[in-house]
Every structure is written in C-alpha cells, then in structure tokens.
Amino acid sequence: MQERRMGSGNVIYSSHLDTQKPISYMPRYFAYIHTVADSPSYFSEGRLRLAEEHCIFHYTLRGHGICWNETGRSTVSPGQGFLEIINDPESGYCYPDGQTEEWEFQCFCFEGESAMKTVRDLISAYGQVYTVPPDSRIIQDLGNEKNWRKELPLSAFDSSRYFYELFGELVRSVSGRENMQYNKLIQSTKQIIQEQLLSNPSIDQIASDIGLSREHLSRLFHSETGTKLKDYIRNERIVAACRMLKDTNLTVQEIAELMHCSSSANFIRFFNKTMKMTPSAFRQRGTIPVF
C-alpha cells in the first residue's frame, strides 16, 4: 500500500524567525505559519516527522480541525488551539473527513529543550486542547504578521518571552476551566447532601456518587468552601432538625427516627453538641441558625 504524503495546506503567510545569540537552555520562537486547509490531504503525523525537534501551538481562527495523541482525539473549534511535540509518534492533526468548510489556523513554533519539556509537562497535566480568546494579547502578538514581515532577528529575551507569555495564558485558561469544574462538583455534592439529608449521608457514599475518592472530595470541598465536608453535613442536618422542631408538631422521638438516629438520646446529644441546648429548649426559645 502506498503511504500518503503529508499536505501543507494553502499557506497565507509564513516566516522563519532568527534569534540573536540564542541561549541554549531558553525556549525560542522560531516560526510563524498562517494557513487555510480545505481537504483531507492536509494532515501531519508525528511518526512521519521523527527527525524534527520542535513543538507547536496550533490555533484555529475559523472552521474545525482534528488533533490526537496517545489519550485520544479532539475536535478544535475557533478560539481553541492544541499543543504538540511535532515528532511524537502517537500524535498528529488533520482536516476532518467529510468537512466542507475551510479550516483556517495559525501555527506558532518553538524550539529548545526547555520548550519541549514545558509543553510535554503541560500536555501531561492538562491535556492537549486549550481555549484562548482571539483578542488575547499573546495571540495577537504571536500572530502579528506586520512584525514578522520585517524579518528582524529577535533578541534571546524576546524569543523566550513569547513562549512564556503563551504558557502563562494557557495555564490561566486551564485554571478558569478547573474552577468551573470544581464549582459543578461542589454544587453536585450539596445537592446530594440535601437529597439524602435525613438519612445521614456518609462522605464515602457521596464521594462514590460524585466519582471521586473520599480524600479528594473532602480536600476539594474544604478548599472551595472553607468548610470541612463533615461539618457541612452536620450543620445542614442541624438546620433540618431545627426547622422540624419549629414548624411541626413532631415529637423529639419522631424527629430522631426521621433523621435516622439510633435513639432519641443520641439525637439529643447530637443536637445539644452544636446548639448548646436541648431540642425541647430550642423549640421554646431557639432561633434557626445560619451557618
């Protein structure tokens, strides 16, 4: 079988950027390529580029593309880019089969041992695809073709600065994404607690429902809310008990049974430890707490 050859797409503009007195241990921004692809003939595979030693951030302006590495395949849309070690035999990217719209993108190329290591670590920690607004300053600077048309050598500092500013932008984008994910996990945890409140939900069961370990969920909840998970569960159960004492005619024994306490004595001890009064005294003169 004849092996297909990699396509380069329709290059709008490309520039090789020289660095004045490059420093071996610093990353270098060495090439910029602005391309439009419109057929499956555009593709790149790391196994076909083993002799090359650089890394890229491949940023989509319009249309869609596909990228992959050993963890799987991803679709990249406008405002998204992917990181890649160009000679990684398990990685690659291509114009999608069956797509009719053009895929326009910018490719920012970096070289140097520190650049390769940083990109490899970032992919390992956070994945291959990142969302970065097109009006981000670093995307604007990296894609400023007017600068590259001058074809002036970059200083070693400027060459490295472009890499580190891009790296910082990608880390910030991940932090925002993680915060959104953490918020969803915390809200899911609180919802499960409310649904199971009377049955005295265990942290082990909640963690299992969420899909995290007990330790991970406890650390995450405390970090995001400032309250230990076990204390949050206790406080919510206390509030539920207070409302039943104030809003119903249920006896202490009946409330203890509803809250799955083994006895009314245990319920009274549990209640008194937090409220510093018995359930009966709270019913007469207590105020529902706000934790």
# chains A, B, ... in the order shown; residues from 1 in each chain; ligands from 1
call {"tool": "residues_around", "arguments": {"residues": "Pro153 (chain A)", "least_positions_apart": "2", "cutoff": "12 Å", "atoms": "only C-alpha atoms", "output": "ChimeraX atom specification"}}
result
/A:15-22,28-31,147-151,155-159
call {"tool": "residues_around", "arguments": {"residues": "Ser39 (chain A)", "least_positions_apart": "3", "cutoff": "10 Å", "atoms": "only C-alpha atoms", "output": "JSON, numbers by chain"}}
result
{"A": [7, 9, 36, 42, 43, 94, 95, 96, 97, 98, 99, 100, 101, 102, 103]}
call {"tool": "atom_distance", "arguments": {"atom1": "CA of Arg62 (chain A)", "atom2": "CA of Glu104 (chain A)"}}
result
5.2 Å
call {"tool": "residues_around", "arguments": {"residues": "Asp135 (chain A)", "least_positions_apart": "5", "cutoff": "10 Å", "atoms": "only C-alpha atoms", "output": "list in words"}}
result
Gly79, Gln140 and Asp141 of chain A
call {"tool": "atom_distance", "arguments": {"atom1": "CA of Ile56 (chain A)", "atom2": "CA of Gln181 (chain A)"}}
result
26.9 Å
call {"tool": "select_by_dssp", "arguments": {"residues": "region 5-44 of chain A", "states": "strand (DSSP E)", "output": "ChimeraX atom specification"}}
result
/A:10-16,19-20,28-37,43-44
call {"tool": "closest_residue", "arguments": {"among": "A:Ser14, A:Ser264, A:Leu245, A:Asn87", "to": "Ala281 (chain A)", "atoms": "only C-alpha atoms"}}
result
A:Leu245
call {"tool": "atom_distance", "arguments": {"atom1": "CA of Gly168 (chain A)", "atom2": "CA of Ala115 (chain A)"}}
result
13.0 Å
call {"tool": "residues_around", "arguments": {"residues": "region 232-239 of chain A", "least_positions_apart": "2", "cutoff": "9 Å", "atoms": "only C-alpha atoms", "output": "mmCIF file with C-alpha atoms, in the first residue's frame"}}
result
data_model
loop_
_atom_site.group_PDB
_atom_site.id
_atom_site.type_symbol
_atom_site.label_atom_id
_atom_site.label_comp_id
_atom_site.auth_asym_id
_atom_site.auth_seq_id
_atom_site.Cartn_x
_atom_site.Cartn_y
_atom_site.Cartn_z
ATOM 1 C CA LYS A 190 -24.503 19.904 48.054
ATOM 2 C CA ILE A 193 -26.470 16.038 50.660
ATOM 3 C CA GLN A 194 -29.870 17.772 50.511
ATOM 4 C CA LEU A 197 -30.071 14.717 54.386
ATOM 5 C CA LEU A 198 -32.472 12.843 56.634
ATOM 6 C CA ASN A 200 -27.423 10.912 57.371
ATOM 7 C CA PRO A 201 -25.358 10.680 54.178
ATOM 8 C CA SER A 202 -21.822 9.369 54.547
ATOM 9 C CA ILE A 203 -18.853 11.041 52.881
ATOM 10 C CA THR A 227 -15.859 24.437 55.452
ATOM 11 C CA LYS A 228 -14.987 20.827 56.134
ATOM 12 C CA LEU A 229 -17.382 18.460 54.395
ATOM 13 C CA LYS A 230 -18.241 16.591 57.590
ATOM 14 C CA ALA A 241 -33.871 19.356 62.741
ATOM 15 C CA CYS A 242 -34.403 22.952 63.875
ATOM 16 C CA ARG A 243 -36.992 23.528 61.172
ATOM 17 C CA MET A 244 -38.890 20.387 62.149
ATOM 18 C CA MET A 259 -33.194 11.633 60.859
ATOM 19 C CA PHE A 270 -26.055 15.375 68.572
ATOM 20 C CA PHE A 271 -28.333 18.425 68.725
ATOM 21 C CA THR A 274 -23.930 22.113 68.230
ATOM 22 C CA MET A 275 -26.836 24.207 69.544
ATOM 23 C CA ILE A 288 -32.821 28.626 63.405
ATOM 24 C CA PRO A 289 -29.067 29.068 62.841
ATOM 25 C CA VAL A 290 -27.368 30.313 59.701
ATOM 26 C CA PHE A 291 -24.002 28.585 59.183
#
call {"tool": "closest_residue", "arguments": {"among": "A:Ser208, A:Met116, A:Arg283, A:Glu70", "to": "Thr248 (chain A)", "atoms": "only C-alpha atoms"}}
result
A:Arg283
call {"tool": "closest_residue", "arguments": {"among": "A:Leu185, A:Val129, A:Leu83, A:Ile206", "to": "Ser173 (chain A)", "atoms": "only C-alpha atoms"}}
result
A:Val129
call {"tool": "residues_around", "arguments": {"residues": "Arg137 (chain A)", "least_positions_apart": "5", "cutoff": "12 Å", "atoms": "only C-alpha atoms", "output": "list in words"}}
result
Val132, Leu142, Gly143, Asn144, Tyr162, Glu165, Leu166, Gly168 and Glu169 of chain A
call {"tool": "select_by_dssp", "arguments": {"residues": "region 5-252 of chain A", "states": "helix (DSSP H, G or I)", "output": "PyMOL selection string"}}
result
chain A and resi 46-48+113-126+137-142+145-149+156-195+197-199+203-210+214-225+229-247+252
call {"tool": "write_last_selection", "arguments": {"atoms": "C-alpha atoms", "output": "mmCIF file, in the first residue's frame"}}
result
data_model
loop_
_atom_site.group_PDB
_atom_site.id
_atom_site.type_symbol
_atom_site.label_atom_id
_atom_site.label_comp_id
_atom_site.auth_asym_id
_atom_site.auth_seq_id
_atom_site.Cartn_x
_atom_site.Cartn_y
_atom_site.Cartn_z
ATOM 1 C CA GLY A 46 4.459 12.547 14.378
ATOM 2 C CA ARG A 47 5.677 9.169 13.139
ATOM 3 C CA LEU A 48 6.469 10.820 9.805
ATOM 4 C CA GLU A 113 14.943 21.664 25.304
ATOM 5 C CA SER A 114 13.107 23.750 27.909
ATOM 6 C CA ALA A 115 10.256 24.464 25.477
ATOM 7 C CA MET A 116 9.867 20.771 24.681
ATOM 8 C CA LYS A 117 9.869 19.803 28.360
ATOM 9 C CA THR A 118 7.374 22.513 29.323
ATOM 10 C CA VAL A 119 4.956 21.556 26.545
ATOM 11 C CA ARG A 120 5.283 17.865 27.389
ATOM 12 C CA ASP A 121 4.559 18.590 31.072
ATOM 13 C CA LEU A 122 1.594 20.808 30.210
ATOM 14 C CA ILE A 123 0.049 18.168 27.938
ATOM 15 C CA SER A 124 0.560 15.523 30.623
ATOM 16 C CA ALA A 125 -1.043 17.672 33.327
ATOM 17 C CA TYR A 126 -3.887 19.401 31.457
ATOM 18 C CA ARG A 137 -2.651 39.858 23.820
ATOM 19 C CA ILE A 138 -0.271 36.946 23.310
ATOM 20 C CA ILE A 139 -2.346 35.518 20.422
ATOM 21 C CA GLN A 140 -2.365 38.975 18.858
ATOM 22 C CA ASP A 141 1.393 39.373 19.348
ATOM 23 C CA LEU A 142 2.300 35.910 18.081
ATOM 24 C CA GLU A 145 2.346 39.358 10.587
ATOM 25 C CA LYS A 146 3.406 43.002 10.264
ATOM 26 C CA ASN A 147 6.113 42.307 12.836
ATOM 27 C CA TRP A 148 7.306 39.143 11.151
ATOM 28 C CA ARG A 149 7.396 40.740 7.698
ATOM 29 C CA ALA A 156 17.074 35.930 23.033
ATOM 30 C CA PHE A 157 14.884 37.581 25.654
ATOM 31 C CA ASP A 158 12.022 38.383 23.252
ATOM 32 C CA SER A 159 12.176 34.937 21.669
ATOM 33 C CA SER A 160 11.739 33.316 25.089
ATOM 34 C CA ARG A 161 9.235 35.899 26.291
ATOM 35 C CA TYR A 162 6.750 34.912 23.591
ATOM 36 C CA PHE A 163 6.892 31.302 24.740
ATOM 37 C CA TYR A 164 6.493 32.066 28.453
ATOM 38 C CA GLU A 165 3.642 34.516 27.860
ATOM 39 C CA LEU A 166 1.806 31.895 25.815
ATOM 40 C CA PHE A 167 2.495 29.283 28.502
ATOM 41 C CA GLY A 168 1.066 31.631 31.154
ATOM 42 C CA GLU A 169 -2.062 32.261 29.077
ATOM 43 C CA LEU A 170 -2.651 28.524 28.653
ATOM 44 C CA VAL A 171 -2.253 27.890 32.380
ATOM 45 C CA ARG A 172 -4.723 30.703 33.149
ATOM 46 C CA SER A 173 -7.224 29.225 30.707
ATOM 47 C CA VAL A 174 -6.940 25.862 32.456
ATOM 48 C CA SER A 175 -7.372 27.471 35.878
ATOM 49 C CA GLY A 176 -10.651 29.021 34.739
ATOM 50 C CA ARG A 177 -11.788 25.690 33.312
ATOM 51 C CA GLU A 178 -10.903 23.881 36.552
ATOM 52 C CA ASN A 179 -12.758 26.445 38.649
ATOM 53 C CA MET A 180 -15.897 25.837 36.586
ATOM 54 C CA GLN A 181 -15.498 22.086 37.016
ATOM 55 C CA TYR A 182 -14.888 22.468 40.750
ATOM 56 C CA ASN A 183 -17.986 24.651 41.121
ATOM 57 C CA LYS A 184 -20.081 21.987 39.404
ATOM 58 C CA LEU A 185 -18.655 19.285 41.700
ATOM 59 C CA ILE A 186 -19.382 21.360 44.808
ATOM 60 C CA GLN A 187 -22.942 22.067 43.659
ATOM 61 C CA SER A 188 -23.481 18.365 42.903
ATOM 62 C CA THR A 189 -22.143 17.470 46.343
ATOM 63 C CA LYS A 190 -24.503 19.904 48.054
ATOM 64 C CA GLN A 191 -27.451 18.615 46.023
ATOM 65 C CA ILE A 192 -26.714 15.006 47.010
ATOM 66 C CA ILE A 193 -26.470 16.038 50.660
ATOM 67 C CA GLN A 194 -29.870 17.772 50.511
ATOM 68 C CA GLU A 195 -31.470 14.785 48.801
ATOM 69 C CA LEU A 197 -30.071 14.717 54.386
ATOM 70 C CA LEU A 198 -32.472 12.843 56.634
ATOM 71 C CA SER A 199 -30.728 9.524 56.017
ATOM 72 C CA ILE A 203 -18.853 11.041 52.881
ATOM 73 C CA ASP A 204 -17.882 7.683 51.386
ATOM 74 C CA GLN A 205 -21.252 7.345 49.631
ATOM 75 C CA ILE A 206 -21.271 10.969 48.443
ATOM 76 C CA ALA A 207 -17.745 10.588 47.055
ATOM 77 C CA SER A 208 -18.796 7.406 45.260
ATOM 78 C CA ASP A 209 -21.800 9.191 43.731
ATOM 79 C CA ILE A 210 -19.569 12.068 42.578
ATOM 80 C CA ARG A 214 -13.257 10.375 49.917
ATOM 81 C CA GLU A 215 -9.961 12.192 50.497
ATOM 82 C CA HIS A 216 -10.073 14.103 47.200
ATOM 83 C CA LEU A 217 -13.675 15.227 47.676
ATOM 84 C CA SER A 218 -13.033 16.298 51.284
ATOM 85 C CA ARG A 219 -9.961 18.340 50.300
ATOM 86 C CA LEU A 220 -11.741 19.918 47.318
ATOM 87 C CA PHE A 221 -14.846 20.841 49.324
ATOM 88 C CA HIS A 222 -12.786 22.415 52.105
ATOM 89 C CA SER A 223 -10.601 24.294 49.623
ATOM 90 C CA GLU A 224 -13.543 25.703 47.656
ATOM 91 C CA THR A 225 -15.959 26.494 50.521
ATOM 92 C CA LEU A 229 -17.382 18.460 54.395
ATOM 93 C CA LYS A 230 -18.241 16.591 57.590
ATOM 94 C CA ASP A 231 -19.068 19.922 59.288
ATOM 95 C CA TYR A 232 -21.239 20.997 56.344
ATOM 96 C CA ILE A 233 -23.262 17.762 56.554
ATOM 97 C CA ARG A 234 -23.659 18.160 60.312
ATOM 98 C CA ASN A 235 -24.739 21.787 60.020
ATOM 99 C CA GLU A 236 -27.313 21.033 57.317
ATOM 100 C CA ARG A 237 -28.759 18.221 59.447
ATOM 101 C CA ILE A 238 -28.958 20.551 62.432
ATOM 102 C CA VAL A 239 -30.833 23.156 60.377
ATOM 103 C CA ALA A 240 -33.262 20.465 59.162
ATOM 104 C CA ALA A 241 -33.871 19.356 62.741
ATOM 105 C CA CYS A 242 -34.403 22.952 63.875
ATOM 106 C CA ARG A 243 -36.992 23.528 61.172
ATOM 107 C CA MET A 244 -38.890 20.387 62.149
ATOM 108 C CA LEU A 245 -38.855 21.484 65.782
ATOM 109 C CA LYS A 246 -40.160 24.955 64.904
ATOM 110 C CA ASP A 247 -42.509 24.170 62.023
ATOM 111 C CA VAL A 252 -38.317 14.577 69.555
#
call {"tool": "decode", "arguments": {"residues": "region 191-221 of chain A", "atoms": "N, CA and C atoms", "output": "PDB file, in the first residue's frame"}}
result
ATOM      1  N   GLN A 191     -26.146  19.143  46.432  1.00  0.00           N
ATOM      2  CA  GLN A 191     -27.451  18.615  46.023  1.00  0.00           C
ATOM      3  C   GLN A 191     -27.653  17.204  46.565  1.00  0.00           C
ATOM      4  N   ILE A 192     -26.617  16.377  46.478  1.00  0.00           N
ATOM      5  CA  ILE A 192     -26.714  15.006  47.010  1.00  0.00           C
ATOM      6  C   ILE A 192     -26.968  15.042  48.507  1.00  0.00           C
ATOM      7  N   ILE A 193     -26.278  15.936  49.207  1.00  0.00           N
ATOM      8  CA  ILE A 193     -26.470  16.038  50.660  1.00  0.00           C
ATOM      9  C   ILE A 193     -27.913  16.412  50.984  1.00  0.00           C
ATOM     10  N   GLN A 194     -28.480  17.371  50.259  1.00  0.00           N
ATOM     11  CA  GLN A 194     -29.870  17.772  50.511  1.00  0.00           C
ATOM     12  C   GLN A 194     -30.839  16.635  50.232  1.00  0.00           C
ATOM     13  N   GLU A 195     -30.581  15.886  49.160  1.00  0.00           N
ATOM     14  CA  GLU A 195     -31.470  14.785  48.801  1.00  0.00           C
ATOM     15  C   GLU A 195     -31.414  13.657  49.822  1.00  0.00           C
ATOM     16  N   GLN A 196     -30.263  13.485  50.471  1.00  0.00           N
ATOM     17  CA  GLN A 196     -30.087  12.378  51.396  1.00  0.00           C
ATOM     18  C   GLN A 196     -29.977  12.843  52.846  1.00  0.00           C
ATOM     19  N   LEU A 197     -30.356  14.095  53.103  1.00  0.00           N
ATOM     20  CA  LEU A 197     -30.071  14.717  54.386  1.00  0.00           C
ATOM     21  C   LEU A 197     -30.621  13.945  55.578  1.00  0.00           C
ATOM     22  N   LEU A 198     -31.856  13.520  55.489  1.00  0.00           N
ATOM     23  CA  LEU A 198     -32.472  12.843  56.634  1.00  0.00           C
ATOM     24  C   LEU A 198     -31.871  11.472  56.880  1.00  0.00           C
ATOM     25  N   SER A 199     -31.297  10.873  55.846  1.00  0.00           N
ATOM     26  CA  SER A 199     -30.728   9.524  56.017  1.00  0.00           C
ATOM     27  C   SER A 199     -29.277   9.553  56.475  1.00  0.00           C
ATOM     28  N   ASN A 200     -28.786  10.759  56.851  1.00  0.00           N
ATOM     29  CA  ASN A 200     -27.423  10.912  57.371  1.00  0.00           C
ATOM     30  C   ASN A 200     -26.392  10.428  56.353  1.00  0.00           C
ATOM     31  N   PRO A 201     -26.248  11.136  55.248  1.00  0.00           N
ATOM     32  CA  PRO A 201     -25.358  10.680  54.178  1.00  0.00           C
ATOM     33  C   PRO A 201     -23.904  10.587  54.637  1.00  0.00           C
ATOM     34  N   SER A 202     -23.233   9.549  54.204  1.00  0.00           N
ATOM     35  CA  SER A 202     -21.822   9.369  54.547  1.00  0.00           C
ATOM     36  C   SER A 202     -20.953   9.993  53.461  1.00  0.00           C
ATOM     37  N   ILE A 203     -19.777  10.459  53.851  1.00  0.00           N
ATOM     38  CA  ILE A 203     -18.853  11.041  52.881  1.00  0.00           C
ATOM     39  C   ILE A 203     -18.426   9.996  51.866  1.00  0.00           C
ATOM     40  N   ASP A 204     -18.262   8.761  52.307  1.00  0.00           N
ATOM     41  CA  ASP A 204     -17.882   7.683  51.386  1.00  0.00           C
ATOM     42  C   ASP A 204     -18.916   7.528  50.271  1.00  0.00           C
ATOM     43  N   GLN A 205     -20.199   7.534  50.630  1.00  0.00           N
ATOM     44  CA  GLN A 205     -21.252   7.345  49.631  1.00  0.00           C
ATOM     45  C   GLN A 205     -21.348   8.556  48.703  1.00  0.00           C
ATOM     46  N   ILE A 206     -21.227   9.759  49.268  1.00  0.00           N
ATOM     47  CA  ILE A 206     -21.271  10.969  48.443  1.00  0.00           C
ATOM     48  C   ILE A 206     -20.124  10.962  47.445  1.00  0.00           C
ATOM     49  N   ALA A 207     -18.920  10.630  47.928  1.00  0.00           N
ATOM     50  CA  ALA A 207     -17.745  10.588  47.055  1.00  0.00           C
ATOM     51  C   ALA A 207     -17.941   9.571  45.938  1.00  0.00           C
ATOM     52  N   SER A 208     -18.530   8.434  46.268  1.00  0.00           N
ATOM     53  CA  SER A 208     -18.796   7.406  45.260  1.00  0.00           C
ATOM     54  C   SER A 208     -19.775   7.916  44.208  1.00  0.00           C
ATOM     55  N   ASP A 209     -20.815   8.635  44.668  1.00  0.00           N
ATOM     56  CA  ASP A 209     -21.800   9.191  43.731  1.00  0.00           C
ATOM     57  C   ASP A 209     -21.166  10.233  42.816  1.00  0.00           C
ATOM     58  N   ILE A 210     -20.235  11.018  43.357  1.00  0.00           N
ATOM     59  CA  ILE A 210     -19.569  12.068  42.578  1.00  0.00           C
ATOM     60  C   ILE A 210     -18.519  11.483  41.644  1.00  0.00           C
ATOM     61  N   GLY A 211     -17.930  10.362  42.049  1.00  0.00           N
ATOM     62  CA  GLY A 211     -16.877   9.756  41.250  1.00  0.00           C
ATOM     63  C   GLY A 211     -15.481  10.160  41.673  1.00  0.00           C
ATOM     64  N   LEU A 212     -15.338  10.566  42.953  1.00  0.00           N
ATOM     65  CA  LEU A 212     -14.028  10.930  43.494  1.00  0.00           C
ATOM     66  C   LEU A 212     -13.730  10.075  44.716  1.00  0.00           C
ATOM     67  N   SER A 213     -12.491  10.081  45.148  1.00  0.00           N
ATOM     68  CA  SER A 213     -12.163   9.408  46.401  1.00  0.00           C
ATOM     69  C   SER A 213     -12.645  10.266  47.570  1.00  0.00           C
ATOM     70  N   ARG A 214     -12.828   9.641  48.718  1.00  0.00           N
ATOM     71  CA  ARG A 214     -13.257  10.375  49.917  1.00  0.00           C
ATOM     72  C   ARG A 214     -12.287  11.511  50.232  1.00  0.00           C
ATOM     73  N   GLU A 215     -10.989  11.216  50.150  1.00  0.00           N
ATOM     74  CA  GLU A 215      -9.961  12.192  50.497  1.00  0.00           C
ATOM     75  C   GLU A 215      -9.971  13.367  49.523  1.00  0.00           C
ATOM     76  N   HIS A 216     -10.084  13.046  48.217  1.00  0.00           N
ATOM     77  CA  HIS A 216     -10.073  14.103  47.200  1.00  0.00           C
ATOM     78  C   HIS A 216     -11.291  15.012  47.355  1.00  0.00           C
ATOM     79  N   LEU A 217     -12.465  14.429  47.525  1.00  0.00           N
ATOM     80  CA  LEU A 217     -13.675  15.227  47.676  1.00  0.00           C
ATOM     81  C   LEU A 217     -13.603  16.091  48.928  1.00  0.00           C
ATOM     82  N   SER A 218     -13.125  15.538  50.032  1.00  0.00           N
ATOM     83  CA  SER A 218     -13.033  16.298  51.284  1.00  0.00           C
ATOM     84  C   SER A 218     -12.082  17.482  51.136  1.00  0.00           C
ATOM     85  N   ARG A 219     -10.923  17.250  50.500  1.00  0.00           N
ATOM     86  CA  ARG A 219      -9.961  18.340  50.300  1.00  0.00           C
ATOM     87  C   ARG A 219     -10.536  19.416  49.377  1.00  0.00           C
ATOM     88  N   LEU A 220     -11.180  18.974  48.285  1.00  0.00           N
ATOM     89  CA  LEU A 220     -11.741  19.918  47.318  1.00  0.00           C
ATOM     90  C   LEU A 220     -12.838  20.760  47.951  1.00  0.00           C
ATOM     91  N   PHE A 221     -13.730  20.119  48.700  1.00  0.00           N
ATOM     92  CA  PHE A 221     -14.846  20.841  49.324  1.00  0.00           C
ATOM     93  C   PHE A 221     -14.322  21.881  50.311  1.00  0.00           C
TER      94      PHE A 221
END
